[in-house]
Amino acid sequence: MLVKYIYKFNLDEKNLMTKVAIIGAGPCGLSMLRSFEQAEKKGEKIPQIVCFEKQENWGGLWNYSWRTGSDQYGDPIPNSMYRYLWSNGPKECLEFADYSFDEHFGKPIPSFPPREVLYDYILGRVKKGNLKDKVKFNNTVINVSYSGNNFEITSHDKKNDKFSRDVFDYVIVSTGHFSVPFIPEYPGMKSFPGRILHSHDFRDAEEFRGKNVIVLGSSYSAEDVALQCHKYGAKSVTIGYRHNPMGFKWPNGVKEVFHLDKLVGNKAIFKDGHEQEADAIILCSGYLHHFPFLSEDLKLKTRNRLYPPKLYKGVVWQNNQKLLYLGMQDQFHTFNMFDCQAWFARDVVMGKIKIPNKSEIEKDINKWVSIEEKLENPDQMIDFQTEYTKDLHDLSDYPKIDFELIRKHFKEWEHHKVENIMTYRNKSFSSPVTGSVAPIHHTSWETAMDDSLKTFLNQGKK
């Protein structure tokens, strides 16, 4: 008993002297802050924490900004959020185990909320404590390097135009990977007379009312931007895919064709021979894992995939175990997976989880990567990420949540989309935390033009 007490005392003393930098206060950074807060509430001594956030508020991607390009300080805008965005997956699948939707809103709410509702929920969990005191807003991390046994971080206080240097024992990269767009070039773009933009800069589907829109891509952003443009009155929407079509039963006015070949004047010519007059081209061509602030030896280099290599348990940087990454995977699971990663990362930092030797790390990473490389369809991908998240969940004291129900919900959701891409958001799911069943929203998604929190929550409206 005495040995156990001495070990805990030494661990507490070590943690009090440990300094941790969290880069980014979006969903992943907030999960990290929450994990330390919960440990402290249990009487544990937590490290000194500084969270750097380049925006003026927390919430990351869920902050809506009218701005595109650069902010008022010349920093690239990280936001890819647009007006009228509704969740494209059941909210139940991203529910926090320690903070249910029922607790936040005081009642069950429909399964596919708009952005403002989800933003309110995300912030509701972190607003109650003093976590904001740990965040340096309007602070951009310029450089992170590792020397000896520490990281040196250079940051820029944009508001006061001051640069600072500080030393940390651990760095947790929580910047996400949906803020730096990949922008391809096609022949004829330079002379195209219409509008060309990446979905990163898409803000309002109303802009394209009455216009012929070309959407290039075949993933979630292409799917949703195409539907948004159709919903808000685009004359036509033509989706150009490169490899495989999404293959949904699109409504009249929306079609999928094979791979843009070139633009000739205002005409888009596709490789399957299809031609379409175009007023606007929206590039839904994905994003880059981009970490210009990290030195080369610390930098994750990967495409968007379910298990990026060199990350033990998808979190700990293989070449330097004091560097941790959150949320770097392609995602079915989101907020509760970020939580499981954060709780795991916290326990690594606080010495409660011991990292195995190099060969065991390599073996574990290779196991997951080899499974991932054999995945063939969405059901298998859902199974893979569910198993990954359950594996992480078992390693910490993150509260109980029904991942088997979440797995089931994801597969039902995928099948609902195949049945009817216009109506899947009208379905209802049950909570993996409370078990409550979501009510059906008072207005079908296709005709719900008001995406405000007030209107969404007013379930008495018919």
# chains A, B, ... in the order shown; residues from 1 in each chain; ligands from 1
>>> residues_around(residues="Trp413 in chain A", least_positions_apart="5", cutoff="9 Å", atoms="only C-alpha atoms", output="PyMOL selection string")
chain A and resi 89-90+408+418+424-425+427
>>> residues_around(residues="range 288-302 of chain A", least_positions_apart="4", cutoff="6 Å", atoms="only C-alpha atoms", output="list of chain:residue names")
A:Ile142, A:Asn143, A:Val144, A:Ser145, A:His177, A:Val180, A:Phe182
>>> residues_around(residues="Tyr82 in chain A", least_positions_apart="4", cutoff="12 Å", atoms="only C-alpha atoms", output="ChimeraX atom specification")
/A:61-68,86-87,114-116,199-207,221,224-225,228-229,451
>>> write_last_selection(atoms="C-alpha atoms", output="PDB file, in the first residue's frame")
ATOM      1  CA  LEU A  61     -14.721  23.764 -38.275  1.00  0.00           C
ATOM      2  CA  TRP A  62     -18.148  24.295 -36.684  1.00  0.00           C
ATOM      3  CA  ASN A  63     -17.536  28.036 -36.481  1.00  0.00           C
ATOM      4  CA  TYR A  64     -19.307  29.614 -39.428  1.00  0.00           C
ATOM      5  CA  SER A  65     -17.500  32.561 -40.995  1.00  0.00           C
ATOM      6  CA  TRP A  66     -18.518  34.603 -43.996  1.00  0.00           C
ATOM      7  CA  ARG A  67     -14.819  35.065 -44.671  1.00  0.00           C
ATOM      8  CA  THR A  68     -12.877  33.142 -47.304  1.00  0.00           C
ATOM      9  CA  TRP A  86     -27.301  19.987 -41.785  1.00  0.00           C
ATOM     10  CA  SER A  87     -25.617  16.954 -40.263  1.00  0.00           C
ATOM     11  CA  PRO A 114     -28.300  21.835 -38.673  1.00  0.00           C
ATOM     12  CA  ARG A 115     -24.881  23.353 -37.934  1.00  0.00           C
ATOM     13  CA  GLU A 116     -25.996  25.877 -35.320  1.00  0.00           C
ATOM     14  CA  SER A 199     -15.916  23.709 -51.528  1.00  0.00           C
ATOM     15  CA  HIS A 200     -13.684  25.156 -48.765  1.00  0.00           C
ATOM     16  CA  ASP A 201     -14.880  28.585 -49.981  1.00  0.00           C
ATOM     17  CA  PHE A 202     -18.517  27.554 -50.566  1.00  0.00           C
ATOM     18  CA  ARG A 203     -20.670  29.602 -48.204  1.00  0.00           C
ATOM     19  CA  ASP A 204     -24.240  29.871 -49.523  1.00  0.00           C
ATOM     20  CA  ALA A 205     -26.110  27.750 -52.061  1.00  0.00           C
ATOM     21  CA  GLU A 206     -28.386  30.733 -52.810  1.00  0.00           C
ATOM     22  CA  GLU A 207     -25.521  32.139 -54.896  1.00  0.00           C
ATOM     23  CA  SER A 221     -18.680  17.275 -49.729  1.00  0.00           C
ATOM     24  CA  ASP A 224     -23.860  17.598 -49.933  1.00  0.00           C
ATOM     25  CA  VAL A 225     -22.852  20.623 -52.030  1.00  0.00           C
ATOM     26  CA  GLN A 228     -27.596  22.054 -51.381  1.00  0.00           C
ATOM     27  CA  CYS A 229     -27.392  23.683 -54.809  1.00  0.00           C
ATOM     28  CA  ASP A 451     -31.812  26.111 -40.406  1.00  0.00           C
TER      29      ASP A 451
END
>>> select_by_dssp(residues="range 136-334 of chain A", states="alpha helix (DSSP H)", output="PyMOL selection string")
chain A and resi 220-231
>>> write_last_selection(atoms="N, CA and C atoms", output="PDB file, in the first residue's frame")
ATOM      1  N   TYR A 220     -18.267  12.994 -49.545  1.00  0.00           N
ATOM      2  CA  TYR A 220     -19.330  13.652 -48.781  1.00  0.00           C
ATOM      3  C   TYR A 220     -19.556  15.110 -49.176  1.00  0.00           C
ATOM      4  N   SER A 221     -18.473  15.864 -49.406  1.00  0.00           N
ATOM      5  CA  SER A 221     -18.680  17.275 -49.729  1.00  0.00           C
ATOM      6  C   SER A 221     -19.336  17.426 -51.092  1.00  0.00           C
ATOM      7  N   ALA A 222     -18.938  16.597 -52.066  1.00  0.00           N
ATOM      8  CA  ALA A 222     -19.579  16.657 -53.389  1.00  0.00           C
ATOM      9  C   ALA A 222     -21.062  16.317 -53.283  1.00  0.00           C
ATOM     10  N   GLU A 223     -21.352  15.287 -52.516  1.00  0.00           N
ATOM     11  CA  GLU A 223     -22.741  14.856 -52.305  1.00  0.00           C
ATOM     12  C   GLU A 223     -23.568  15.986 -51.710  1.00  0.00           C
ATOM     13  N   ASP A 224     -23.048  16.611 -50.643  1.00  0.00           N
ATOM     14  CA  ASP A 224     -23.860  17.598 -49.933  1.00  0.00           C
ATOM     15  C   ASP A 224     -23.939  18.923 -50.675  1.00  0.00           C
ATOM     16  N   VAL A 225     -22.832  19.367 -51.275  1.00  0.00           N
ATOM     17  CA  VAL A 225     -22.852  20.623 -52.030  1.00  0.00           C
ATOM     18  C   VAL A 225     -23.805  20.491 -53.222  1.00  0.00           C
ATOM     19  N   ALA A 226     -23.783  19.349 -53.887  1.00  0.00           N
ATOM     20  CA  ALA A 226     -24.699  19.125 -55.015  1.00  0.00           C
ATOM     21  C   ALA A 226     -26.154  19.206 -54.561  1.00  0.00           C
ATOM     22  N   LEU A 227     -26.458  18.546 -53.432  1.00  0.00           N
ATOM     23  CA  LEU A 227     -27.835  18.564 -52.923  1.00  0.00           C
ATOM     24  C   LEU A 227     -28.241  19.954 -52.451  1.00  0.00           C
ATOM     25  N   GLN A 228     -27.296  20.682 -51.825  1.00  0.00           N
ATOM     26  CA  GLN A 228     -27.596  22.054 -51.381  1.00  0.00           C
ATOM     27  C   GLN A 228     -27.948  22.941 -52.578  1.00  0.00           C
ATOM     28  N   CYS A 229     -27.132  22.851 -53.624  1.00  0.00           N
ATOM     29  CA  CYS A 229     -27.392  23.683 -54.809  1.00  0.00           C
ATOM     30  C   CYS A 229     -28.742  23.340 -55.428  1.00  0.00           C
ATOM     31  N   HIS A 230     -29.052  22.044 -55.490  1.00  0.00           N
ATOM     32  CA  HIS A 230     -30.359  21.625 -56.020  1.00  0.00           C
ATOM     33  C   HIS A 230     -31.495  22.149 -55.134  1.00  0.00           C
ATOM     34  N   LYS A 231     -31.342  21.989 -53.833  1.00  0.00           N
ATOM     35  CA  LYS A 231     -32.390  22.390 -52.893  1.00  0.00           C
ATOM     36  C   LYS A 231     -32.682  23.883 -52.978  1.00  0.00           C
TER      37      LYS A 231
END
>>> residues_around(residues="Gly188 in chain A", least_positions_apart="2", cutoff="7 Å", atoms="only C-alpha atoms", output="ChimeraX atom specification")
/A:186,190-192,262-264
>>> closest_residue(among="A:Ile153, A:Ala438, A:Val173, A:Ile49", to="Gly29 in chain A", atoms="only C-alpha atoms")
A:Val173
>>> atom_distance(atom1="CA of Phe456 in chain A", atom2="CA of Tyr84 in chain A")
12.0 Å
>>> atom_distance(atom1="CA of Val348 in chain A", atom2="CA of Pro432 in chain A")
26.9 Å
>>> residues_around(residues="Gly176 in chain A", least_positions_apart="2", cutoff="7 Å", atoms="only C-alpha atoms", output="number ranges by chain")
A: 174, 178, 327-328
>>> residues_around(residues="Pro309 in chain A", least_positions_apart="2", cutoff="7 Å", atoms="only C-alpha atoms", output="PDB file with C-alpha atoms, in the first residue's frame")
ATOM      1  CA  TYR A 307      -5.574   4.364 -40.413  1.00  0.00           C
ATOM      2  CA  LEU A 311       0.570   6.537 -35.420  1.00  0.00           C
ATOM      3  CA  ILE A 365       0.452  -0.285 -36.418  1.00  0.00           C
ATOM      4  CA  VAL A 369      -2.901  -0.853 -41.564  1.00  0.00           C
TER       5      VAL A 369
END
>>> residues_around(residues="Asp279 in chain A", least_positions_apart="3", cutoff="7 Å", atoms="only C-alpha atoms", output="list in words")
Gly194, Arg195, Lys211, Asn212, Val213 and Asn266 of chain A
>>> write_last_selection(atoms="N, CA and C atoms", output="short mmCIF file (atom, residue, chain, number, x, y, z; two decimals), in the first residue's frame")
data_model
loop_
_atom_site.label_atom_id
_atom_site.label_comp_id
_atom_site.auth_asym_id
_atom_site.auth_seq_id
_atom_site.Cartn_x
_atom_site.Cartn_y
_atom_site.Cartn_z
N GLY A 194 -17.07 31.77 -66.01
CA GLY A 194 -17.90 31.72 -64.80
C GLY A 194 -17.08 31.71 -63.52
N ARG A 195 -17.68 31.22 -62.46
CA ARG A 195 -17.07 31.19 -61.13
C ARG A 195 -16.44 29.82 -60.89
N LYS A 211 -28.64 28.70 -61.78
CA LYS A 211 -27.40 28.50 -62.55
C LYS A 211 -27.13 27.02 -62.82
N ASN A 212 -26.33 26.79 -63.86
CA ASN A 212 -25.84 25.45 -64.17
C ASN A 212 -24.54 25.23 -63.41
N VAL A 213 -24.56 24.29 -62.50
CA VAL A 213 -23.43 24.09 -61.60
C VAL A 213 -22.76 22.74 -61.90
N ASN A 266 -17.70 28.35 -71.86
CA ASN A 266 -18.53 28.05 -70.69
C ASN A 266 -19.07 26.63 -70.74
#
>>> closest_atom_pairs(of="range 311-359 of chain A", to="range 396-407 of chain A", cutoff="7 Å", atoms="only C-alpha atoms", output="JSON lines")
{"residue": "A:Cys340", "atom": "CA", "partner": "A:Tyr398", "partner_atom": "CA", "distance": 6.5}
{"residue": "A:Trp343", "atom": "CA", "partner": "A:Ser396", "partner_atom": "CA", "distance": 6.2}
{"residue": "A:Phe344", "atom": "CA", "partner": "A:Ser396", "partner_atom": "CA", "distance": 5.8}
>>> select_by_dssp(residues="range 151-249 of chain A", states="strand (DSSP E or B)", output="VMD selection string")
chain A and resid 151 to 157 162 to 168 170 to 173 181 195 to 198 212 to 216 236 to 241
>>> write_last_selection(atoms="N, CA and C atoms", output="short mmCIF file (atom, residue, chain, number, x, y, z; two decimals), in the first residue's frame")
data_model
loop_
_atom_site.label_atom_id
_atom_site.label_comp_id
_atom_site.auth_asym_id
_atom_site.auth_seq_id
_atom_site.Cartn_x
_atom_site.Cartn_y
_atom_site.Cartn_z
N PHE A 151 9.99 20.20 -26.61
CA PHE A 151 9.55 20.91 -27.80
C PHE A 151 9.68 22.41 -27.57
N GLU A 152 10.12 23.11 -28.59
CA GLU A 152 10.05 24.58 -28.56
C GLU A 152 8.99 25.02 -29.54
N ILE A 153 8.06 25.82 -29.05
CA ILE A 153 6.96 26.32 -29.88
C ILE A 153 7.07 27.82 -30.03
N THR A 154 7.03 28.27 -31.27
CA THR A 154 6.95 29.70 -31.57
C THR A 154 5.52 30.00 -32.01
N SER A 155 4.91 30.98 -31.37
CA SER A 155 3.52 31.33 -31.70
C SER A 155 3.40 32.82 -31.95
N HIS A 156 2.35 33.18 -32.68
CA HIS A 156 2.10 34.58 -33.04
C HIS A 156 0.75 35.02 -32.49
N ASP A 157 0.78 35.95 -31.56
CA ASP A 157 -0.43 36.60 -31.06
C ASP A 157 -0.84 37.61 -32.12
N LYS A 162 2.48 40.00 -31.60
CA LYS A 162 3.64 39.63 -30.77
C LYS A 162 3.98 38.16 -30.97
N PHE A 163 5.27 37.88 -31.04
CA PHE A 163 5.75 36.51 -31.18
C PHE A 163 6.28 36.02 -29.84
N SER A 164 6.00 34.75 -29.54
CA SER A 164 6.45 34.18 -28.26
C SER A 164 7.07 32.81 -28.51
N ARG A 165 8.02 32.47 -27.62
CA ARG A 165 8.60 31.13 -27.64
C ARG A 165 8.40 30.50 -26.28
N ASP A 166 8.06 29.21 -26.27
CA ASP A 166 7.88 28.51 -25.00
C ASP A 166 8.29 27.06 -25.19
N VAL A 167 8.60 26.41 -24.07
CA VAL A 167 9.07 25.03 -24.08
C VAL A 167 8.00 24.13 -23.47
N PHE A 168 7.77 22.96 -24.11
CA PHE A 168 6.75 22.02 -23.64
C PHE A 168 7.32 20.60 -23.62
N TYR A 170 5.14 17.87 -23.93
CA TYR A 170 4.31 17.13 -24.89
C TYR A 170 3.61 18.11 -25.82
N VAL A 171 3.41 17.69 -27.06
CA VAL A 171 2.61 18.45 -28.02
C VAL A 171 1.51 17.55 -28.58
N ILE A 172 0.28 18.08 -28.58
CA ILE A 172 -0.87 17.35 -29.12
C ILE A 172 -1.43 18.15 -30.29
N VAL A 173 -1.32 17.59 -31.49
CA VAL A 173 -1.77 18.27 -32.70
C VAL A 173 -3.26 17.95 -32.91
N PRO A 181 -7.36 23.10 -48.67
CA PRO A 181 -7.96 22.40 -49.81
C PRO A 181 -6.93 21.91 -50.82
N ARG A 195 -17.68 31.22 -62.46
CA ARG A 195 -17.07 31.19 -61.13
C ARG A 195 -16.44 29.82 -60.89
N ILE A 196 -15.19 29.80 -60.39
CA ILE A 196 -14.54 28.56 -59.98
C ILE A 196 -14.16 28.70 -58.50
N LEU A 197 -14.55 27.72 -57.69
CA LEU A 197 -14.20 27.76 -56.27
C LEU A 197 -14.06 26.35 -55.74
N HIS A 198 -13.30 26.21 -54.66
CA HIS A 198 -13.24 24.94 -53.93
C HIS A 198 -14.36 24.95 -52.90
N ASN A 212 -26.33 26.79 -63.86
CA ASN A 212 -25.84 25.45 -64.17
C ASN A 212 -24.54 25.23 -63.41
N VAL A 213 -24.56 24.29 -62.50
CA VAL A 213 -23.43 24.09 -61.60
C VAL A 213 -22.76 22.74 -61.90
N ILE A 214 -21.42 22.77 -61.98
CA ILE A 214 -20.63 21.55 -62.10
C ILE A 214 -19.97 21.31 -60.73
N VAL A 215 -20.19 20.13 -60.17
CA VAL A 215 -19.56 19.74 -58.91
C VAL A 215 -18.57 18.61 -59.21
N LEU A 216 -17.30 18.82 -58.90
CA LEU A 216 -16.28 17.81 -59.20
C LEU A 216 -15.87 17.10 -57.92
N SER A 236 -29.38 23.38 -62.89
CA SER A 236 -28.95 21.99 -63.05
C SER A 236 -27.69 21.78 -62.23
N VAL A 237 -27.47 20.53 -61.81
CA VAL A 237 -26.24 20.17 -61.09
C VAL A 237 -25.67 18.93 -61.76
N THR A 238 -24.45 19.04 -62.25
CA THR A 238 -23.77 17.92 -62.89
C THR A 238 -22.56 17.55 -62.04
N ILE A 239 -22.54 16.31 -61.56
CA ILE A 239 -21.44 15.85 -60.70
C ILE A 239 -20.46 15.04 -61.54
N GLY A 240 -19.21 15.46 -61.56
CA GLY A 240 -18.19 14.74 -62.30
C GLY A 240 -17.32 13.91 -61.36
N TYR A 241 -17.34 12.59 -61.54
CA TYR A 241 -16.54 11.72 -60.67
C TYR A 241 -15.30 11.24 -61.43
#
